[in-house]
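S.K.: File query-v4.cif below, mmCIF, C-alpha atoms and all ligand atoms:
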data_entry
#
loop_
_atom_site.label_atom_id
_atom_site.label_comp_id
_atom_site.auth_asym_id
_atom_site.auth_seq_id
_atom_site.Cartn_x
_atom_site.Cartn_y
_atom_site.Cartn_z
CA MET X 264 0.00 0.00 0.00
CA ASP X 265 1.44 3.42 -0.90
CA GLY X 266 2.10 5.99 1.83
CA VAL X 267 -0.76 8.34 0.93
CA LYS X 268 -3.30 5.51 0.88
CA GLN X 269 -2.01 4.37 4.27
CA GLN X 270 -2.52 7.88 5.65
CA ILE X 271 -6.05 8.02 4.25
CA ILE X 272 -6.90 4.62 5.76
CA ALA X 273 -5.51 5.77 9.14
CA LEU X 274 -7.71 8.89 8.94
CA LEU X 275 -10.79 6.81 8.12
CA LYS X 276 -10.02 4.47 11.01
CA LYS X 277 -9.94 7.41 13.42
CA ASN X 278 -13.47 8.27 12.32
CA ILE X 279 -15.00 4.90 13.19
CA ARG X 280 -16.33 4.66 16.71
CA ASN X 281 -16.50 1.52 18.77
CA ILE X 282 -19.70 1.36 20.82
CA PRO X 283 -19.55 -1.46 23.37
CA ASP X 284 -22.63 -3.56 24.10
CA PHE X 285 -24.77 -2.18 21.25
CA PRO X 286 -27.38 -3.28 20.22
CA LYS X 287 -26.95 -6.01 22.84
CA PRO X 288 -24.42 -7.02 25.48
CA GLY X 289 -21.17 -8.42 24.07
CA ILE X 290 -21.40 -6.73 20.63
CA GLN X 291 -18.73 -4.15 19.77
CA PHE X 292 -20.68 -1.99 17.32
CA LYS X 293 -18.57 -0.26 14.67
CA ASP X 294 -20.26 3.09 14.19
CA ILE X 295 -19.54 4.78 10.85
CA THR X 296 -21.58 7.93 11.53
CA PRO X 297 -18.40 10.01 12.22
CA LEU X 298 -17.17 9.03 8.72
CA LEU X 299 -20.38 10.41 7.28
CA GLN X 300 -20.38 13.50 9.47
CA ASN X 301 -16.96 14.76 8.39
CA PRO X 302 -17.10 16.11 4.79
CA ASP X 303 -13.48 15.09 4.08
CA THR X 304 -13.88 11.47 5.22
CA LEU X 305 -17.27 11.30 3.48
CA GLU X 306 -15.62 12.22 0.18
CA LEU X 307 -12.45 10.17 0.73
CA THR X 308 -14.28 6.99 1.74
CA SER X 309 -16.30 6.96 -1.49
CA GLN X 310 -13.20 7.57 -3.58
CA VAL X 311 -11.11 4.87 -1.90
CA LEU X 312 -14.00 2.39 -2.18
CA ALA X 313 -14.42 3.10 -5.89
CA ARG X 314 -10.77 3.03 -6.93
CA PRO X 315 -10.22 -0.78 -7.25
CA PHE X 316 -13.37 -1.14 -9.37
CA ARG X 317 -13.00 1.80 -11.76
CA LYS X 318 -12.01 -0.29 -14.75
CA LYS X 319 -14.16 -3.31 -13.95
CA ASN X 320 -17.21 -2.33 -16.02
CA ILE X 321 -19.61 -2.56 -13.09
CA ASP X 322 -23.24 -2.26 -14.23
CA TYR X 323 -24.80 -2.11 -10.75
CA VAL X 324 -23.80 -1.72 -7.14
CA VAL X 325 -26.06 -3.80 -4.90
CA GLY X 326 -26.23 -2.30 -1.39
CA LEU X 327 -27.46 -4.10 1.72
CA GLU X 328 -30.03 -2.50 4.01
CA SER X 329 -29.44 -0.25 5.65
CA ARG X 330 -25.88 0.96 6.13
CA GLY X 331 -24.91 -0.44 2.72
CA PHE X 332 -27.06 2.35 1.25
CA LEU X 333 -25.02 5.14 2.84
CA PHE X 334 -21.89 4.79 0.69
CA GLY X 335 -23.39 2.39 -1.86
CA THR X 336 -25.11 5.09 -3.90
CA ASN X 337 -21.97 7.30 -3.94
CA LEU X 338 -19.92 4.29 -4.94
CA ALA X 339 -22.35 3.55 -7.80
CA GLN X 340 -22.20 7.17 -8.93
CA ASP X 341 -18.40 7.15 -8.88
CA LEU X 342 -18.36 4.01 -11.03
CA HIS X 343 -21.08 5.35 -13.34
CA ALA X 344 -23.15 2.31 -12.35
CA GLY X 345 -26.74 2.01 -11.17
CA PHE X 346 -27.67 1.30 -7.54
CA ILE X 347 -29.91 -1.55 -6.39
CA PRO X 348 -31.16 -1.83 -2.79
CA ILE X 349 -31.44 -5.20 -1.04
CA ARG X 350 -34.01 -4.86 1.72
CA LYS X 351 -35.64 -6.65 4.60
CA PRO X 352 -38.89 -8.51 3.81
CA GLY X 353 -41.95 -6.48 2.87
CA LYS X 354 -40.16 -3.19 2.16
CA LEU X 355 -39.82 -3.32 -1.63
CA PRO X 356 -43.03 -2.43 -3.49
CA ALA X 357 -42.72 -4.44 -6.73
CA GLU X 358 -42.24 -8.17 -7.32
CA THR X 359 -39.23 -9.56 -5.42
CA VAL X 360 -36.91 -12.56 -5.12
CA SER X 361 -35.76 -13.57 -1.66
CA ALA X 362 -32.96 -15.47 0.06
CA THR X 363 -32.90 -16.80 3.62
CA TYR X 364 -29.75 -17.32 5.64
CA ALA X 365 -28.81 -18.58 9.10
CA LEU X 366 -28.01 -16.25 12.00
CA GLU X 367 -26.44 -17.22 15.32
CA TYR X 368 -29.98 -17.73 16.61
CA GLY X 369 -32.66 -18.18 13.97
CA GLU X 370 -32.59 -16.90 10.41
CA ASP X 371 -33.03 -13.80 8.31
CA THR X 372 -34.46 -13.06 4.87
CA ILE X 373 -33.51 -10.40 2.33
CA GLU X 374 -35.28 -9.30 -0.85
CA MET X 375 -34.48 -7.62 -4.15
CA HIS X 376 -36.70 -6.49 -7.01
CA LYS X 377 -37.06 -9.14 -9.71
CA ASP X 378 -36.49 -6.62 -12.48
CA ALA X 379 -33.46 -5.01 -10.81
CA PHE X 380 -31.03 -5.92 -13.62
CA SER X 381 -30.66 -8.08 -16.73
CA LYS X 382 -29.05 -11.51 -17.02
CA GLY X 383 -25.28 -11.29 -17.31
CA ASP X 384 -25.02 -7.80 -15.77
CA ARG X 385 -21.86 -7.21 -13.74
CA ILE X 386 -22.65 -6.64 -10.07
CA LEU X 387 -20.61 -5.23 -7.19
CA VAL X 388 -21.97 -6.15 -3.72
CA HIS X 389 -21.41 -3.46 -1.06
CA ASP X 390 -22.02 -3.24 2.68
CA ASP X 391 -20.51 -1.11 5.44
CA LEU X 392 -19.23 -4.13 7.34
CA ILE X 393 -18.75 -7.86 6.92
CA ALA X 394 -19.01 -9.92 10.12
CA THR X 395 -19.87 -13.61 9.57
CA GLY X 396 -20.41 -13.04 5.84
CA GLY X 397 -23.96 -14.47 5.99
CA SER X 398 -25.68 -11.43 4.52
CA ALA X 399 -23.10 -10.89 1.73
CA LYS X 400 -23.38 -14.58 0.83
CA ALA X 401 -27.20 -14.33 0.75
CA ALA X 402 -26.91 -11.22 -1.46
CA THR X 403 -24.72 -13.26 -3.81
CA ASP X 404 -27.37 -15.99 -3.95
CA LEU X 405 -30.05 -13.40 -4.79
CA VAL X 406 -28.01 -11.86 -7.60
CA GLN X 407 -27.18 -15.29 -9.01
CA LYS X 408 -30.86 -16.37 -8.85
CA LEU X 409 -31.60 -13.60 -11.34
CA GLY X 410 -28.64 -14.52 -13.57
CA GLY X 411 -26.37 -11.66 -12.50
CA ASP X 412 -22.59 -11.96 -12.42
CA VAL X 413 -21.10 -10.95 -9.03
CA VAL X 414 -17.69 -9.57 -9.97
CA GLY X 415 -16.72 -7.90 -6.70
CA TYR X 416 -17.32 -7.24 -3.02
CA SER X 417 -16.70 -3.94 -1.31
CA PHE X 418 -16.72 -3.39 2.46
CA ILE X 419 -15.52 -0.51 4.60
CA ILE X 420 -14.83 -2.82 7.57
CA ALA X 421 -14.19 -6.54 8.02
CA LEU X 422 -14.32 -8.05 11.50
CA GLU X 423 -11.22 -10.14 11.04
CA ALA X 424 -11.84 -12.65 13.83
CA LEU X 425 -15.12 -13.79 12.23
CA GLU X 426 -13.44 -14.55 8.87
CA GLY X 427 -16.59 -13.62 6.91
CA VAL X 428 -14.58 -12.91 3.76
CA ASN X 429 -13.75 -16.64 3.64
CA MET X 430 -17.48 -17.39 3.17
CA LEU X 431 -17.40 -15.65 -0.20
CA PRO X 432 -16.31 -17.29 -3.45
CA ASP X 433 -12.49 -17.44 -3.77
CA HIS X 434 -12.27 -16.24 -7.36
CA ILE X 435 -14.23 -12.99 -6.87
CA GLN X 436 -12.39 -9.72 -6.07
CA LYS X 437 -12.85 -8.56 -2.47
CA GLU X 438 -11.88 -5.12 -1.21
CA VAL X 439 -11.89 -4.18 2.48
CA LEU X 440 -10.70 -0.75 3.65
CA LEU X 441 -10.18 -1.67 7.31
CA SER X 442 -9.72 -5.04 8.99
CA LEU X 443 -10.57 -4.62 12.68
P1 LIG X 501 -22.87 -10.59 8.67
O1 LIG X 501 -24.04 -11.03 7.83
O2 LIG X 501 -22.68 -11.44 9.89
O3 LIG X 501 -21.59 -10.48 7.85
O4 LIG X 501 -23.20 -9.16 9.26
C1 LIG X 501 -23.05 -8.02 8.49
C2 LIG X 501 -24.18 -7.06 8.70
O5 LIG X 501 -24.46 -6.85 10.08
C3 LIG X 501 -23.84 -5.71 8.10
O6 LIG X 501 -25.00 -5.19 7.47
C4 LIG X 501 -23.42 -4.87 9.29
O7 LIG X 501 -23.88 -3.54 9.14
C5 LIG X 501 -24.05 -5.55 10.50
N1 LIG X 501 -23.09 -5.77 11.60
C6 LIG X 501 -22.71 -6.96 12.09
N2 LIG X 501 -21.86 -6.83 13.11
C7 LIG X 501 -21.67 -5.51 13.28
C8 LIG X 501 -20.86 -4.71 14.18
N3 LIG X 501 -20.08 -5.26 15.11
N4 LIG X 501 -20.90 -3.36 14.05
C9 LIG X 501 -21.69 -2.80 13.11
N5 LIG X 501 -22.46 -3.49 12.24
C10 LIG X 501 -22.46 -4.82 12.32
#
Please render this file's structure as structure tokens.
Ligand code: AMP

M.R.:
Amino acid sequence: MDGVKQQIIALLKKNIRNIPDFPKPGIQFKDITPLLQNPDTLELTSQVLARPFRKKNIDYVVGLESRGFLFGTNLAQDLHAGFIPIRKPGKLPAETVSATYALEYGEDTIEMHKDAFSKGDRILVHDDLIATGGSAKAATDLVQKLGGDVVGYSFIIALEALEGVNMLPDHIQKEVLLSL
């Protein structure tokens, strides 16, 4: 990593807050609101996220509800791609496809509009943070159900200890700004 990029990453790291025991005891919540609040880190985060994918002919950025929407639309704009939201059940108004995945206790479902993109379109999956990788994997399943080609993953933060990135297909490009 070049020196300037290292300095930018260090600056971004300083603007992520750790909130202990939120939303429940034992969880160290990584709060990205300071990144959004500061106009310099807001601009820099989008640029650093976009850089590795600039020449990858991305058709759409798929963002996961809800914090994947915050930088996902900027990222799409920077790549001159469209933006597609993946949402929790019952939130999207038109016809949807859904995928269900396991949580520590129970399961969760996510949905995407059926007409979100065309077969063969090149998709970049984005979220603010990857923990176990369950939601990014489910997003991949959704995109593939509709015949899309997932060509990259983009996360601001990876919780290293949970090794979520290892849940994702080996051959697909993965970019993480900060491993915490
Ligand atoms: P996972 O499916 O386990 O990879 O979880 C990723 C999703 O949960 C992302 O949408 C994150 O925003 C959220 N998430 C999980 N753990 C944390 C955490 N410690 N701090 C902030 N967000 C988290």

S.K.: Quick one: contact table of chain X to ligand LIG 501 (chain X), 6 Å max, nearest atom pair and distance in Å to one decimal per residue, counting only C-alpha atoms and all ligand atoms, chain and number order, as a Markdown table?

M.R.:
| residue | atom | partner | partner_atom | distance |
| --- | --- | --- | --- | --- |
| X:Ile290 | CA | X:LIG501 | N3 | 5.9 |
| X:Gln291 | CA | X:LIG501 | N3 | 5.0 |
| X:Phe292 | CA | X:LIG501 | N4 | 3.6 |
| X:Lys293 | CA | X:LIG501 | N4 | 3.9 |
| X:Arg330 | CA | X:LIG501 | O7 | 5.8 |
| X:Asp390 | CA | X:LIG501 | O6 | 6.0 |
| X:Asp391 | CA | X:LIG501 | O7 | 5.6 |
| X:Leu392 | CA | X:LIG501 | C4 | 4.7 |
| X:Ile393 | CA | X:LIG501 | O3 | 4.0 |
| X:Ala394 | CA | X:LIG501 | O3 | 3.5 |
| X:Thr395 | CA | X:LIG501 | O2 | 3.6 |
| X:Gly396 | CA | X:LIG501 | O3 | 3.5 |
| X:Gly397 | CA | X:LIG501 | O1 | 3.9 |
| X:Ser398 | CA | X:LIG501 | O1 | 3.7 |
| X:Gly427 | CA | X:LIG501 | O3 | 6.0 |

S.K.: Go ahead and save the residues from that selection, with C-alpha atoms, as a compact mmCIF listing (two decimals), keeping the file's coordinate frame.

M.R.:
# COMPACT_ATOMS: atom_id res chain seq x y z
CA ILE X 290 -21.40 -6.73 20.63
CA GLN X 291 -18.73 -4.15 19.77
CA PHE X 292 -20.68 -1.99 17.32
CA LYS X 293 -18.57 -0.26 14.67
CA ARG X 330 -25.88 0.96 6.13
CA ASP X 390 -22.02 -3.24 2.68
CA ASP X 391 -20.51 -1.11 5.44
CA LEU X 392 -19.23 -4.13 7.34
CA ILE X 393 -18.75 -7.86 6.92
CA ALA X 394 -19.01 -9.92 10.12
CA THR X 395 -19.87 -13.61 9.57
CA GLY X 396 -20.41 -13.04 5.84
CA GLY X 397 -23.96 -14.47 5.99
CA SER X 398 -25.68 -11.43 4.52
CA GLY X 427 -16.59 -13.62 6.91

S.K.: Please provide the set of residues having any atom within 7 Å of stretch 296-306 of chain X, restricted to only C-alpha atoms, with same-chain residues fewer than 2 positions apart removed, written as a PDB file with C-alpha atoms, in the frame of the given file.

M.R.:
ATOM      1  CA  LEU X 275     -10.790   6.810   8.120  1.00  0.00           C
ATOM      2  CA  ASN X 278     -13.470   8.270  12.320  1.00  0.00           C
ATOM      3  CA  ILE X 279     -15.000   4.900  13.190  1.00  0.00           C
ATOM      4  CA  ASP X 294     -20.260   3.090  14.190  1.00  0.00           C
ATOM      5  CA  THR X 308     -14.280   6.990   1.740  1.00  0.00           C
ATOM      6  CA  SER X 309     -16.300   6.960  -1.490  1.00  0.00           C
ATOM      7  CA  GLN X 310     -13.200   7.570  -3.580  1.00  0.00           C
TER       8      GLN X 310
END

S.K.: One decimal, Å: what's the distance from atom CA of X:Ile347 over to atom CA of X:Ala362, could you say?

M.R.: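 A separation of 15.6 Å between them.
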
S.K.: Distance atom CA of X:Gly410-atom CA of X:Gly383, one decimal place?

M.R.: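 About the pair atom CA of X:Gly410 and atom CA of X:Gly383: they are 6.0 Å apart.
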
S.K.: Give me the residues near X:Ser417 as a PDB file with C-alpha atoms, in the frame of the given file, where near means some atom within 7 Å (using only C-alpha atoms) and where sequence neighbours in that chain fewer than 4 positions away do not count.

M.R.:
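The resulting out14.pdb:
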ATOM      1  CA  LEU X 312     -14.000   2.390  -2.180  1.00  0.00           C
ATOM      2  CA  VAL X 388     -21.970  -6.150  -3.720  1.00  0.00           C
ATOM      3  CA  HIS X 389     -21.410  -3.460  -1.060  1.00  0.00           C
ATOM      4  CA  ASP X 390     -22.020  -3.240   2.680  1.00  0.00           C
ATOM      5  CA  LYS X 437     -12.850  -8.560  -2.470  1.00  0.00           C
ATOM      6  CA  GLU X 438     -11.880  -5.120  -1.210  1.00  0.00           C
ATOM      7  CA  VAL X 439     -11.890  -4.180   2.480  1.00  0.00           C
TER       8      VAL X 439
END

S.K.: Could you give me, as a tab-separated table, a per-residue list for stretch 266-353 of chain X showing, wherever an atom lies at most 9 Å from an atom of stretch 363-376 of chain X, the closest pair of atoms and their distance in Å to one decimal, using only C-alpha atoms and sorting by chain then residue number from low to high?

M.R.:
residue	atom	partner	partner_atom	distance
X:Leu327	CA	X:Ile373	CA	8.8
X:Glu328	CA	X:Ile373	CA	8.8
X:Ile347	CA	X:Met375	CA	7.9
X:Pro348	CA	X:Met375	CA	6.8
X:Ile349	CA	X:Met375	CA	5.0
X:Arg350	CA	X:Glu374	CA	5.3
X:Lys351	CA	X:Ile373	CA	4.9
X:Pro352	CA	X:Ile373	CA	5.9
X:Gly353	CA	X:Glu374	CA	8.1

S.K.: Check the smallest atom-to-atom distance from each of X:Leu409, X:Ala313, X:Ile321, X:Ala402 to X:Lys382 using only C-alpha atoms, then report the winner.

M.R.: X:Leu409

S.K.: Take atom CA of X:Ile435 and atom CA of X:Tyr416 and report the distance between them in Å, one decimal.

M.R.: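 So the answer is 7.6 Å.
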
S.K.: Measuring atom to atom with all atoms listed in the file, identify which of X:Lys277, X:Leu440, X:Leu355, X:Thr336 is nearest to X:Arg314.

M.R.: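 Residue with the minimum atom-to-atom distance to X:Arg314: X:Leu440.
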